[in-house]
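Enquirer: This is the content of input_9.csv (CSV, C-alpha atoms):
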chain,number,residue,atom,x,y,z
I,1,MET,CA,68.4,23.3,30.5
I,2,THR,CA,66.4,20.9,28.4
I,3,ASP,CA,62.7,19.8,28.2
I,4,SER,CA,63.8,16.5,29.7
I,5,ASP,CA,65.3,18.4,32.7
I,6,LEU,CA,62.0,20.2,33.3
I,7,GLU,CA,60.0,16.9,33.0
I,8,LEU,CA,62.3,15.4,35.6
I,9,ILE,CA,61.9,18.4,37.9
I,10,HIS,CA,58.1,18.4,37.7
I,11,ALA,CA,57.9,14.6,38.1
I,12,GLU,CA,60.1,15.0,41.2
I,13,ILE,CA,57.7,17.7,42.6
I,14,ASP,CA,54.8,15.2,42.0
I,15,GLY,CA,56.7,12.4,43.7
I,16,GLU,CA,56.7,10.3,40.5
I,17,LEU,CA,60.4,9.7,39.8
I,18,ASP,CA,61.6,6.1,39.7
I,19,SER,CA,65.2,5.3,40.8
I,20,ARG,CA,66.7,5.6,37.4
I,21,GLN,CA,65.1,9.1,36.8
I,22,ARG,CA,66.2,10.2,40.3
I,23,SER,CA,69.8,9.3,39.4
I,24,GLU,CA,69.5,11.1,36.1
I,25,LEU,CA,68.1,14.3,37.8
I,26,ALA,CA,70.8,14.2,40.5
I,27,ARG,CA,73.5,14.0,37.7
I,28,ARG,CA,71.9,17.0,35.9
I,29,LEU,CA,71.7,19.0,39.1
I,30,LEU,CA,75.3,18.5,39.8
I,31,ALA,CA,76.3,19.4,36.2
I,32,GLU,CA,74.0,22.4,35.5
I,33,PRO,CA,73.6,25.3,37.9
I,34,GLU,CA,70.6,26.5,35.9
I,35,VAL,CA,68.8,23.2,36.3
I,36,ARG,CA,69.5,23.5,40.0
I,37,ALA,CA,68.2,27.1,40.2
I,38,VAL,CA,65.0,26.3,38.3
I,39,ARG,CA,64.4,23.2,40.3
I,40,ASP,CA,64.7,25.2,43.6
I,41,GLN,CA,62.4,27.9,42.3
I,42,LEU,CA,59.7,25.4,41.2
I,43,HIS,CA,59.9,23.5,44.5
I,44,ARG,CA,59.6,26.8,46.4
I,45,LEU,CA,56.7,27.9,44.3
I,46,CYS,CA,54.7,24.7,44.7
I,47,GLY,CA,55.4,24.7,48.4
I,48,ARG,CA,53.9,28.2,48.6
I,49,LEU,CA,50.9,27.3,46.5
I,50,GLU,CA,50.2,24.5,49.0
I,51,THR,CA,50.1,26.9,51.9
I,52,LEU,CA,47.3,29.0,50.4
I,53,GLU,CA,44.3,28.0,52.3
I,54,GLN,CA,40.7,27.5,51.2
I,55,VAL,CA,38.3,30.2,52.3
I,56,GLU,CA,34.9,29.7,53.8
I,57,PRO,CA,32.1,30.6,51.3
I,58,PRO,CA,29.7,33.4,52.4
I,59,ALA,CA,27.0,32.2,54.7
I,60,GLU,CA,24.3,33.2,52.3
I,61,LEU,CA,25.6,31.0,49.5
I,62,GLN,CA,23.8,27.8,50.6
I,63,THR,CA,20.5,29.7,51.1
I,64,ARG,CA,20.9,31.3,47.7
I,65,ILE,CA,21.4,28.0,46.0
I,66,LEU,CA,18.6,26.2,47.8
I,67,THR,CA,16.2,29.1,47.2
I,68,ALA,CA,16.9,29.1,43.5
I,69,LEU,CA,16.4,25.4,43.0
I,70,PRO,CA,13.6,24.8,40.6
I,71,PRO,CA,11.1,22.1,41.4
I,72,THR,CA,10.7,21.2,37.8
I,73,ALA,CA,13.8,19.2,37.1
I,74,MET,CA,13.6,17.3,40.4
I,75,LEU,CA,10.1,16.3,39.8
I,76,THR,CA,10.9,15.2,36.3
I,77,ARG,CA,13.6,13.0,37.5
I,78,ALA,CA,11.4,11.7,40.3
I,79,ARG,CA,8.7,10.8,37.8
I,80,LYS,CA,11.2,8.8,35.7
I,81,SER,CA,12.4,6.9,38.7
I,82,MET,CA,9.1,6.2,40.4
I,83,PRO,CA,7.1,3.8,38.2
I,84,ARG,CA,5.2,2.7,41.3
I,85,TRP,CA,3.1,5.8,41.2
I,86,ARG,CA,-0.4,4.4,41.3
I,87,TYR,CA,-2.1,7.5,40.3
I,88,ALA,CA,0.3,9.2,38.0
I,89,ALA,CA,-1.7,8.2,34.9
I,90,LEU,CA,-4.4,10.5,36.1
I,91,PHE,CA,-2.3,13.7,35.8
I,92,ALA,CA,-1.6,16.0,32.9
I,93,GLY,CA,-0.4,19.6,32.5
I,94,VAL,CA,3.2,20.6,32.1
I,95,LEU,CA,4.6,17.2,32.9
I,96,GLY,CA,1.8,15.7,30.9
I,97,ALA,CA,0.4,12.4,32.0
I,98,GLY,CA,-3.3,11.6,32.4
I,99,ALA,CA,-6.4,13.8,32.6
I,100,LEU,CA,-6.4,17.3,33.9
I,101,VAL,CA,-9.7,18.8,34.4
I,102,PHE,CA,-9.8,22.5,33.9
I,103,GLU,CA,-12.9,24.5,34.7
I,104,THR,CA,-13.5,28.2,34.6
I,105,VAL,CA,-15.7,29.0,37.5
I,106,ARG,CA,-16.1,32.7,37.0
I,107,GLY,CA,-15.3,35.4,34.5
I,108,PRO,CA,-13.4,35.4,31.2
I,109,GLY,CA,-9.8,34.4,31.3
I,110,PRO,CA,-6.9,33.1,29.3
I,111,ALA,CA,-7.1,30.0,27.1
I,112,THR,CA,-6.4,26.7,28.6
I,113,SER,CA,-3.2,26.5,26.7
I,114,GLU,CA,-1.9,29.5,28.7
I,115,MET,CA,-2.6,27.6,31.9
I,116,THR,CA,-0.9,24.4,31.0
I,117,GLY,CA,1.8,25.3,28.4
I,118,THR,CA,5.5,24.6,28.7
I,119,MET,CA,7.3,27.0,30.9
I,120,ALA,CA,9.6,29.5,29.2
I,121,ALA,CA,13.3,29.0,29.5
I,122,GLY,CA,15.2,30.9,32.3
I,123,ALA,CA,16.4,30.3,35.8
I,124,PRO,CA,13.4,29.5,38.0
I,125,VAL,CA,13.0,31.6,41.1
I,126,THR,CA,10.9,30.5,44.1
I,127,LEU,CA,8.4,33.1,45.1
I,128,ASP,CA,6.5,31.5,47.9
I,129,THR,CA,6.5,28.1,49.7
I,130,VAL,CA,4.1,26.6,52.2
I,131,SER,CA,4.8,23.4,54.1
I,132,LEU,CA,1.9,21.2,55.0
I,133,SER,CA,2.4,19.2,58.2
I,134,GLU,CA,-1.0,18.9,59.7
I,135,GLY,CA,-4.0,16.8,58.5
I,136,PRO,CA,-4.0,13.9,56.2
I,137,VAL,CA,-2.1,15.7,53.4
I,138,ALA,CA,1.6,16.6,54.1
I,139,GLY,CA,4.4,18.0,52.0
I,140,ARG,CA,5.1,21.3,50.3
I,141,VAL,CA,3.6,23.6,47.7
I,142,SER,CA,5.7,26.2,46.0
I,143,LEU,CA,5.0,29.1,43.7
I,144,TYR,CA,7.9,29.9,41.3
I,145,ARG,CA,8.7,32.0,38.3
I,146,GLU,CA,10.4,30.5,35.3
I,147,GLY,CA,11.1,32.9,32.5
I,148,THR,CA,7.9,35.0,32.1
I,149,GLY,CA,5.7,32.2,33.4
I,150,LEU,CA,4.4,31.2,36.8
I,151,ALA,CA,3.9,27.7,38.1
I,152,VAL,CA,2.9,25.9,41.2
I,153,ALA,CA,4.7,22.8,42.3
I,154,LEU,CA,2.9,20.3,44.5
I,155,GLU,CA,4.9,17.7,46.5
I,156,LEU,CA,2.4,15.8,48.6
I,157,THR,CA,2.2,12.7,50.7
I,158,ALA,CA,-1.2,11.3,51.5
I,159,SER,CA,-2.7,7.9,52.3
I,160,ALA,CA,-5.3,8.3,49.6
I,161,PRO,CA,-5.8,10.1,46.3
I,162,VAL,CA,-6.1,13.9,46.7
I,163,ASP,CA,-7.9,16.3,44.4
I,164,VAL,CA,-6.4,19.8,44.4
I,165,LEU,CA,-8.2,22.9,43.4
I,166,VAL,CA,-5.7,25.6,42.3
I,167,ALA,CA,-7.7,28.9,42.2
I,168,THR,CA,-6.4,32.1,40.9
I,169,GLU,CA,-8.3,35.3,40.1
I,170,GLY,CA,-11.3,34.1,38.0
I,171,HIS,CA,-10.0,30.6,37.3
I,172,THR,CA,-9.9,27.3,39.1
I,173,LEU,CA,-7.7,24.4,38.0
I,174,ARG,CA,-8.7,21.0,39.3
I,175,ILE,CA,-6.2,18.2,39.5
I,176,ASN,CA,-7.8,14.9,40.1
I,177,GLY,CA,-6.2,12.0,42.1
I,178,LEU,CA,-2.9,13.7,43.1
I,179,ALA,CA,-1.3,11.4,45.7
I,180,ALA,CA,0.8,8.4,45.9
I,181,GLU,CA,1.1,5.2,47.7
I,182,SER,CA,1.2,5.6,51.4
I,183,GLY,CA,4.5,7.2,52.6
I,184,ALA,CA,5.7,8.1,49.1
I,185,ALA,CA,5.7,11.5,47.5
I,186,GLY,CA,3.3,12.5,44.7
I,187,SER,CA,4.2,15.5,42.6
I,188,GLN,CA,2.8,17.8,40.0
I,189,VAL,CA,3.7,21.1,38.4
I,190,VAL,CA,0.9,23.4,37.2
I,191,ALA,CA,1.6,26.4,35.0
I,192,LEU,CA,-0.4,29.5,35.7
I,193,PRO,CA,-1.2,32.6,33.7
I,194,GLY,CA,1.3,35.5,33.9
I,195,GLY,CA,0.5,39.0,35.1
I,196,MET,CA,-0.7,37.9,38.5
I,197,LYS,CA,1.4,40.3,40.6
I,198,GLY,CA,0.1,40.7,44.1
I,199,GLN,CA,-2.6,38.1,43.7
I,200,PRO,CA,-3.0,35.0,45.8
I,201,VAL,CA,-3.1,31.4,44.6
I,202,GLU,CA,-5.6,29.4,46.7
I,203,LEU,CA,-5.1,25.7,47.0
I,204,THR,CA,-7.7,23.4,48.4
I,205,PHE,CA,-7.1,19.8,49.0
I,206,LEU,CA,-9.9,17.3,48.8
I,207,MET,CA,-10.3,13.6,49.7
I,208,SER,CA,-13.4,11.8,48.5
I,209,GLY,CA,-14.9,15.2,47.8
I,210,ARG,CA,-14.3,16.5,51.3
I,211,GLN,CA,-11.9,19.4,52.1
I,212,VAL,CA,-9.0,18.2,54.1
I,213,GLY,CA,-6.6,21.1,53.9
I,214,SER,CA,-5.8,24.4,52.2
I,215,ALA,CA,-2.9,26.7,51.5
I,216,ARG,CA,-2.3,30.2,50.0
I,217,LEU,CA,0.6,31.3,47.9
I,218,THR,CA,1.2,34.9,47.0
I,219,VAL,CA,2.8,36.4,44.0
I,220,PRO,CA,5.0,39.2,45.3
Y,1,MET,CA,24.6,10.9,62.8
Y,2,LYS,CA,26.2,8.9,60.0
Y,3,GLU,CA,26.9,10.9,56.8
Y,4,GLU,CA,25.4,9.3,53.7
Y,5,ASP,CA,27.8,8.8,50.8
Y,6,ASP,CA,27.5,10.7,47.5
Y,7,PRO,CA,25.9,7.8,45.5
Y,8,THR,CA,23.2,7.4,48.1
Y,9,LEU,CA,22.4,11.1,48.2
Y,10,VAL,CA,22.3,11.2,44.4
Y,11,LEU,CA,19.9,8.3,44.3
Y,12,ARG,CA,17.7,10.0,46.9
Y,13,CYS,CA,17.8,13.2,44.8
Y,14,ARG,CA,16.6,11.3,41.8
Y,15,GLU,CA,13.7,9.9,43.8
Y,16,GLY,CA,12.6,13.5,44.5
Y,17,ASP,CA,14.3,14.1,47.9
Y,18,ARG,CA,15.3,17.7,47.9
Y,19,HIS,CA,16.9,17.3,51.4
Y,20,ALA,CA,19.4,14.9,49.9
Y,21,PHE,CA,20.4,17.6,47.4
Y,22,GLU,CA,20.8,20.1,50.3
Y,23,GLN,CA,23.3,17.7,51.9
Y,24,LEU,CA,25.3,17.6,48.6
Y,25,VAL,CA,25.2,21.4,48.5
Y,26,ARG,CA,26.5,21.6,52.1
Y,27,ARG,CA,29.2,19.0,51.3
Y,28,TYR,CA,30.5,20.7,48.1
Y,29,GLN,CA,29.7,24.4,48.3
Y,30,ARG,CA,33.1,25.1,49.9
Y,31,PRO,CA,35.3,23.4,47.3
Y,32,VAL,CA,33.2,24.6,44.4
Y,33,PHE,CA,33.3,28.2,45.7
Y,34,ASN,CA,37.0,28.0,46.2
Y,35,VAL,CA,37.7,26.6,42.7
Y,36,ALA,CA,35.7,29.6,41.3
Y,37,LEU,CA,37.3,32.1,43.6
Y,38,ARG,CA,40.9,31.0,42.8
Y,39,MET,CA,40.2,31.3,39.1
Y,40,LEU,CA,38.1,34.5,39.2
Y,41,ARG,CA,39.5,36.3,42.2
Y,42,ASP,CA,36.2,37.9,42.9
Y,43,ARG,CA,33.9,36.7,45.7
Y,44,GLN,CA,30.7,37.9,44.0
Y,45,ASP,CA,31.5,36.2,40.7
Y,46,ALA,CA,32.6,33.1,42.6
Y,47,MET,CA,29.2,33.1,44.4
Y,48,ASP,CA,27.4,33.4,41.1
Y,49,VAL,CA,29.4,30.5,39.6
Y,50,ALA,CA,28.8,28.3,42.6
Y,51,GLN,CA,25.1,28.9,42.4
Y,52,THR,CA,25.0,28.2,38.7
Y,53,THR,CA,27.0,25.1,39.2
Y,54,PHE,CA,24.6,23.6,41.7
Y,55,LEU,CA,21.6,24.6,39.7
Y,56,LYS,CA,23.0,22.9,36.6
Y,57,ALA,CA,23.9,19.9,38.7
Y,58,PHE,CA,20.3,19.8,40.0
Y,59,GLU,CA,18.8,20.1,36.6
Y,60,HIS,CA,21.0,17.5,35.0
Y,61,LEU,CA,21.2,15.0,37.8
Y,62,GLY,CA,19.4,12.6,35.5
Y,63,ASP,CA,22.3,12.7,33.1
Y,64,TYR,CA,24.9,12.0,35.8
Y,65,ASP,CA,26.6,8.6,35.5
Y,66,PRO,CA,26.9,7.2,39.0
Y,67,THR,CA,29.9,5.0,38.0
Y,68,PHE,CA,31.9,8.2,38.0
Y,69,ARG,CA,32.7,10.1,41.2
Y,70,PHE,CA,30.2,12.8,42.0
Y,71,TYR,CA,32.8,15.3,43.0
Y,72,SER,CA,34.5,14.9,39.6
Y,73,TRP,CA,31.2,15.7,37.9
Y,74,ILE,CA,30.4,18.8,40.0
Y,75,TYR,CA,34.0,20.1,39.7
Y,76,ARG,CA,33.7,19.7,36.0
Y,77,ILE,CA,30.6,21.8,35.9
Y,78,ALA,CA,32.3,24.4,38.2
Y,79,ILE,CA,35.4,24.6,36.0
Y,80,ASN,CA,33.2,25.0,32.9
Y,81,GLU,CA,31.1,27.7,34.5
Y,82,THR,CA,34.1,29.5,35.7
Y,83,LEU,CA,35.6,29.5,32.2
Y,84,ASN,CA,32.3,30.8,30.9
Y,85,ALA,CA,32.4,33.6,33.4
Y,86,LEU,CA,36.0,34.4,32.5
Y,87,GLY,CA,35.0,34.5,28.9
Y,88,ALA,CA,32.2,36.9,29.6
Y,89,ARG,CA,34.5,39.4,31.3
Y,90,LYS,CA,35.8,42.4,29.6
Y,91,PRO,CA,39.2,41.5,28.2
Y,92,LEU,CA,42.1,42.9,30.1
Y,93,THR,CA,44.3,40.5,28.0
Y,94,GLY,CA,46.8,40.7,25.3
Y,95,LEU,CA,47.5,38.0,22.7
Y,96,ASP,CA,47.0,34.4,23.6
Y,97,GLY,CA,44.9,35.2,26.6
Y,98,GLU,CA,47.9,36.6,28.6
Y,99,GLU,CA,46.8,39.5,30.7
Y,100,VAL,CA,48.6,42.8,30.3
Y,101,ASP,CA,50.8,43.3,33.4
Y,102,GLY,CA,50.2,46.8,34.7
Y,103,THR,CA,52.6,46.4,37.6
Y,104,PRO,CA,55.4,49.0,37.3
Y,105,GLY,CA,58.8,47.4,37.8
Y,106,PRO,CA,59.9,44.7,40.1
Y,107,GLU,CA,58.7,44.6,43.7
Y,108,ARG,CA,60.4,43.3,46.7
Y,109,GLN,CA,58.1,40.7,48.2
Y,110,ALA,CA,58.3,39.5,51.8
Y,111,ASP,CA,57.0,36.2,52.8
Y,112,GLY,CA,53.4,35.9,54.1
Y,113,GLU,CA,50.7,38.2,53.0
Y,114,GLN,CA,52.6,39.9,50.2
Y,115,THR,CA,53.7,36.6,48.7
Y,116,ARG,CA,50.2,35.3,48.8
Y,117,ARG,CA,49.0,38.4,47.0
Y,118,ALA,CA,51.8,38.1,44.5
Y,119,ILE,CA,50.9,34.5,43.8
Y,120,GLU,CA,47.2,35.4,43.4
Y,121,ASP,CA,48.2,38.3,41.0
Y,122,ALA,CA,50.4,36.0,39.0
Y,123,LEU,CA,47.7,33.3,38.8
Y,124,MET,CA,45.4,35.8,37.2
Y,125,GLN,CA,48.1,36.6,34.6
Y,126,ILE,CA,48.4,33.0,33.2
Y,127,LYS,CA,46.0,31.4,30.8
Y,128,PRO,CA,42.7,30.2,32.3
Y,129,GLU,CA,43.3,26.6,31.3
Y,130,GLN,CA,46.7,26.8,33.1
Y,131,ARG,CA,45.0,28.4,36.1
Y,132,SER,CA,42.5,25.6,36.2
Y,133,VAL,CA,45.1,22.9,36.5
Y,134,ILE,CA,47.0,24.8,39.2
Y,135,THR,CA,43.8,25.2,41.1
Y,136,LEU,CA,42.8,21.6,40.9
Y,137,ARG,CA,46.3,20.2,41.7
Y,138,HIS,CA,47.7,22.7,44.3
Y,139,PHE,CA,44.6,24.1,45.9
Y,140,MET,CA,42.2,21.2,45.7
Y,141,GLN,CA,45.0,18.6,46.1
Y,142,LEU,CA,43.5,16.4,43.4
Y,143,SER,CA,45.4,13.5,41.7
Y,144,TYR,CA,46.1,13.5,38.0
Y,145,GLU,CA,43.5,10.8,37.5
Y,146,ASP,CA,40.8,13.0,39.1
Y,147,MET,CA,42.0,16.0,37.1
Y,148,ALA,CA,41.8,14.0,33.9
Y,149,ASP,CA,38.2,13.0,34.8
Y,150,ILE,CA,37.2,16.5,35.6
Y,151,LEU,CA,38.9,18.1,32.5
Y,152,GLN,CA,38.0,15.2,30.3
Y,153,LEU,CA,41.6,15.1,29.0
Y,154,PRO,CA,44.2,12.3,29.0
Y,155,GLU,CA,46.4,12.3,32.0
Y,156,LYS,CA,49.4,13.0,29.9
Y,157,THR,CA,47.8,16.2,28.6
Y,158,VAL,CA,46.9,17.2,32.1
Y,159,LYS,CA,50.5,16.7,33.2
Y,160,SER,CA,51.9,18.6,30.3
Y,161,ARG,CA,49.4,21.5,31.0
Y,162,LEU,CA,50.4,21.6,34.6
Y,163,TYR,CA,54.1,21.7,33.9
Y,164,SER,CA,53.5,24.6,31.5
Y,165,ALA,CA,51.3,26.3,34.1
Y,166,ARG,CA,54.0,26.1,36.8
Y,167,GLN,CA,56.6,27.4,34.5
Y,168,ALA,CA,54.4,30.3,33.5
Y,169,LEU,CA,53.6,31.1,37.1
Y,170,ARG,CA,57.3,30.9,38.0
Y,171,GLU,CA,58.2,33.3,35.2
Y,172,ARG,CA,55.4,35.8,36.2
Y,173,LEU,CA,56.6,35.8,39.8
Y,174,LEU,CA,60.2,36.3,38.9
Y,175,GLN,CA,59.2,39.2,36.6
Y,176,ARG,CA,57.4,40.7,39.6
Y,177,GLY,CA,60.5,40.5,41.7
Y,178,VAL,CA,59.3,37.7,44.0
Y,179,ASP,CA,62.1,35.9,45.6
Y,180,LEU,CA,61.8,32.2,44.9
Y,181,THR,CA,65.2,31.2,46.1
Rewrite the coordinates I just gave you, this time as structure tokens.
Expert:
Amino acid sequence: MTDSDLELIHAEIDGELDSRQRSELARRLLAEPEVRAVRDQLHRLCGRLETLEQVEPPAELQTRILTALPPTAMLTRARKSMPRWRYAALFAGVLGAGALVFETVRGPGPATSEMTGTMAAGAPVTLDTVSLSEGPVAGRVSLYREGTGLAVALELTASAPVDVLVATEGHTLRINGLAAESGAAGSQVVALPGGMKGQPVELTFLMSGRQVGSARLTVP
Amino acid sequence: MKEEDDPTLVLRCREGDRHAFEQLVRRYQRPVFNVALRMLRDRQDAMDVAQTTFLKAFEHLGDYDPTFRFYSWIYRIAINETLNALGARKPLTGLDGEEVDGTPGPERQADGEQTRRAIEDALMQIKPEQRSVITLRHFMQLSYEDMADILQLPEKTVKSRLYSARQALRERLLQRGVDLT
């Protein structure tokens, strides 16, 4: 039994023998009982491997995957591939582009850097999501945790620029001009201060200074 | 409804369409889960690997080169994640990554369920890199070209590894008294 014999046997299993190799293997099978035995065993083994069926993944797998998807990466990619964003230059914050207006409306609070800093590393977990389907602003807003930080992801479609007020306990973050061309998605991620357990995040959507919608996200 | 092909879905994902990624998850969760399950032999671990695989794919979609097949790319992530998971397990292995066989003496194995279990046991006793080629070739029915893409190895190396893997598996089964005649 040589290495060459084994190569011929494996190539035969894979259906890759040419006529010369087939003849060579046939000659070896006749001459060597050991080659014959190993060849039969390998054929039988591979045949049995092929009969092992795939199993269905647990039903909850898809939900688990989709729930754990972070908005961050997708939005980053989207930004790269959507130069037509008319209003993107107005934005700032975690994804950093344009002007972000931050105003503290009541009480002391964390520094602005805490509100707009880079999210810590770690697998993001979606905590709450609200879909917007009525009114002039449509899309989805999500609250998620990444590392020790919290963030709100806004994925909105509107026919005109939308200002968004993101209000947490004692602070309001104002994003000016979030929207995109008609029919296209406009997106933004806003980092929030940590330690907000049980507190709501109130979102107010404004067009030309007039409220056109609202949403509430809750930190569990 | 007509199913969109992988390049179209990837393009839509890159444009911010999460629904397109959901379709990719639906399309590939089964093979990804099965690759992990065959190599880990633990449903919970396979679930974790499948989840991590798709999260990594999602995060790195911008790095994916669409001139390559999407399934090769996602299988590559799955294999790497599975090997990582195996590496993180407490070692039940002896030298050269070969697991210690705790089975006392030869067993008489009948066809069917017992043979399936014997093969699964034997698979867990060969080296992880051997297990990966057996999984891709015999469970996922992939070609050598696809396997070379996924493992980022020359086809010749893949063949050589598969040959060794079959041999190792055969020897393990014979040691366990499984009748292969």
Enquirer: What are the closest atom pairs, with distances in Å to one decimal, for each residue of segment 14-62 of chain Y lying within 10 Å of segment 44-64 of chain I, using only C-alpha atoms, rows by chain and rising residue number, as CSV?
Expert:
residue,atom,partner,partner_atom,distance
Y:Glu22,CA,I:Gln62,CA,8.3
Y:Val25,CA,I:Gln62,CA,6.9
Y:Arg26,CA,I:Gln62,CA,6.9
Y:Gln29,CA,I:Gln62,CA,7.2
Y:Arg30,CA,I:Pro57,CA,5.8
Y:Pro31,CA,I:Gln54,CA,7.8
Y:Val32,CA,I:Pro57,CA,9.2
Y:Phe33,CA,I:Pro57,CA,6.2
Y:Asn34,CA,I:Gln54,CA,6.2
Y:Val35,CA,I:Gln54,CA,9.1
Y:Leu37,CA,I:Val55,CA,9.0
Y:Arg38,CA,I:Gln54,CA,9.1
Y:Arg43,CA,I:Pro57,CA,8.5
Y:Gln44,CA,I:Pro58,CA,9.6
Y:Ala46,CA,I:Pro57,CA,9.1
Y:Met47,CA,I:Leu61,CA,6.6
Y:Asp48,CA,I:Leu61,CA,8.9
Y:Ala50,CA,I:Leu61,CA,8.1
Y:Gln51,CA,I:Arg64,CA,7.2
Y:Phe54,CA,I:Gln62,CA,9.9
Enquirer: Y:Leu11, Y:Leu142, Y:Ala20, Y:Ala36: which is nearest Tyr64 of chain Y, counting only C-alpha atoms?
Expert: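 Of all the options, Y:Leu11 lies closest to Tyr64 of chain Y.
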Enquirer: Enter the distance from atom CA of Leu154 of chain I to atom CA of Ser142 of chain I, in Å, rounded to one decimal.
Expert: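 Distance between the two atoms: 6.7 Å.
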Enquirer: When you look at Met1 of chain I with a cut-off of 12 Å (counting all atoms listed in the file), what residues show up, excluding the ones that are within fewer than 6 positions of it in the same chain? I need them as a list in words.
Expert: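 My list of contacting residues is Glu7, Leu8, Ile9, Leu25, Arg28, Leu29, Ala31, Glu32, Pro33, Glu34, Val35, Arg36, Ala37, Val38 and Arg39 of chain I.
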Enquirer: Using the selection just defined, write its residues with C-alpha atoms as an mmCIF file, keeping the file's coordinate frame.
Expert:
data_model
loop_
_atom_site.group_PDB
_atom_site.id
_atom_site.type_symbol
_atom_site.label_atom_id
_atom_site.label_comp_id
_atom_site.auth_asym_id
_atom_site.auth_seq_id
_atom_site.Cartn_x
_atom_site.Cartn_y
_atom_site.Cartn_z
ATOM 1 C CA GLU I 7 60.000 16.900 33.000
ATOM 2 C CA LEU I 8 62.300 15.400 35.600
ATOM 3 C CA ILE I 9 61.900 18.400 37.900
ATOM 4 C CA LEU I 25 68.100 14.300 37.800
ATOM 5 C CA ARG I 28 71.900 17.000 35.900
ATOM 6 C CA LEU I 29 71.700 19.000 39.100
ATOM 7 C CA ALA I 31 76.300 19.400 36.200
ATOM 8 C CA GLU I 32 74.000 22.400 35.500
ATOM 9 C CA PRO I 33 73.600 25.300 37.900
ATOM 10 C CA GLU I 34 70.600 26.500 35.900
ATOM 11 C CA VAL I 35 68.800 23.200 36.300
ATOM 12 C CA ARG I 36 69.500 23.500 40.000
ATOM 13 C CA ALA I 37 68.200 27.100 40.200
ATOM 14 C CA VAL I 38 65.000 26.300 38.300
ATOM 15 C CA ARG I 39 64.400 23.200 40.300
#
Enquirer: Please build the interface table for chain Y against chain I with a cut-off of 6 Å, listing for each qualifying residue the nearest atom pair and the distance in Å to one decimal; count all atoms listed in the file, order rows by chain and increasing number, and write it as CSV.
Expert:
residue,atom,partner,partner_atom,distance
Y:Arg14,CA,I:Ala78,CA,5.4
Y:Glu15,CA,I:Ala78,CA,4.6
Y:Gly16,CA,I:Ala78,CA,4.7
Y:Arg30,CA,I:Pro57,CA,5.8
Y:Gln51,CA,I:Ile65,CA,5.2
Y:Glu59,CA,I:Ala73,CA,5.1
Y:His138,CA,I:Glu50,CA,5.6
Y:Leu180,CA,I:Gln41,CA,5.1
Y:Thr181,CA,I:Gln41,CA,5.8
Enquirer: Given the selection you just returned, output its residues as a file containing C-alpha atoms, formatted as a PDB file, keeping the file's coordinate frame.
Expert:
ATOM      1  CA  ARG Y  14      16.600  11.300  41.800  1.00  0.00           C
ATOM      2  CA  GLU Y  15      13.700   9.900  43.800  1.00  0.00           C
ATOM      3  CA  GLY Y  16      12.600  13.500  44.500  1.00  0.00           C
ATOM      4  CA  ARG Y  30      33.100  25.100  49.900  1.00  0.00           C
ATOM      5  CA  GLN Y  51      25.100  28.900  42.400  1.00  0.00           C
ATOM      6  CA  GLU Y  59      18.800  20.100  36.600  1.00  0.00           C
ATOM      7  CA  HIS Y 138      47.700  22.700  44.300  1.00  0.00           C
ATOM      8  CA  LEU Y 180      61.800  32.200  44.900  1.00  0.00           C
ATOM      9  CA  THR Y 181      65.200  31.200  46.100  1.00  0.00           C
TER      10      THR Y 181
END
Enquirer: From the set I:Arg27, I:His171, I:Arg216, I:Arg22, which residue has the shortest atom-to-atom contact distance to Val130 of chain I, counting only C-alpha atoms?
Expert: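 Closest candidate: I:Arg216.
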Enquirer: Can you list, as a short mmCIF file (atom, residue, chain, number, x, y, z; two decimals) with C-alpha atoms, in the coordinates of the input, every protein, DNA or RNA residue that comes within 9 Å of Ser131 of chain I when you count all atoms listed in the file, leaving out same-chain residues fewer than 3 positions away?
Expert:
data_model
loop_
_atom_site.label_atom_id
_atom_site.label_comp_id
_atom_site.auth_asym_id
_atom_site.auth_seq_id
_atom_site.Cartn_x
_atom_site.Cartn_y
_atom_site.Cartn_z
CA ALA I 138 1.60 16.60 54.10
CA GLY I 139 4.40 18.00 52.00
CA ARG I 140 5.10 21.30 50.30
CA VAL I 141 3.60 23.60 47.70
CA SER I 142 5.70 26.20 46.00
CA ALA I 215 -2.90 26.70 51.50
#
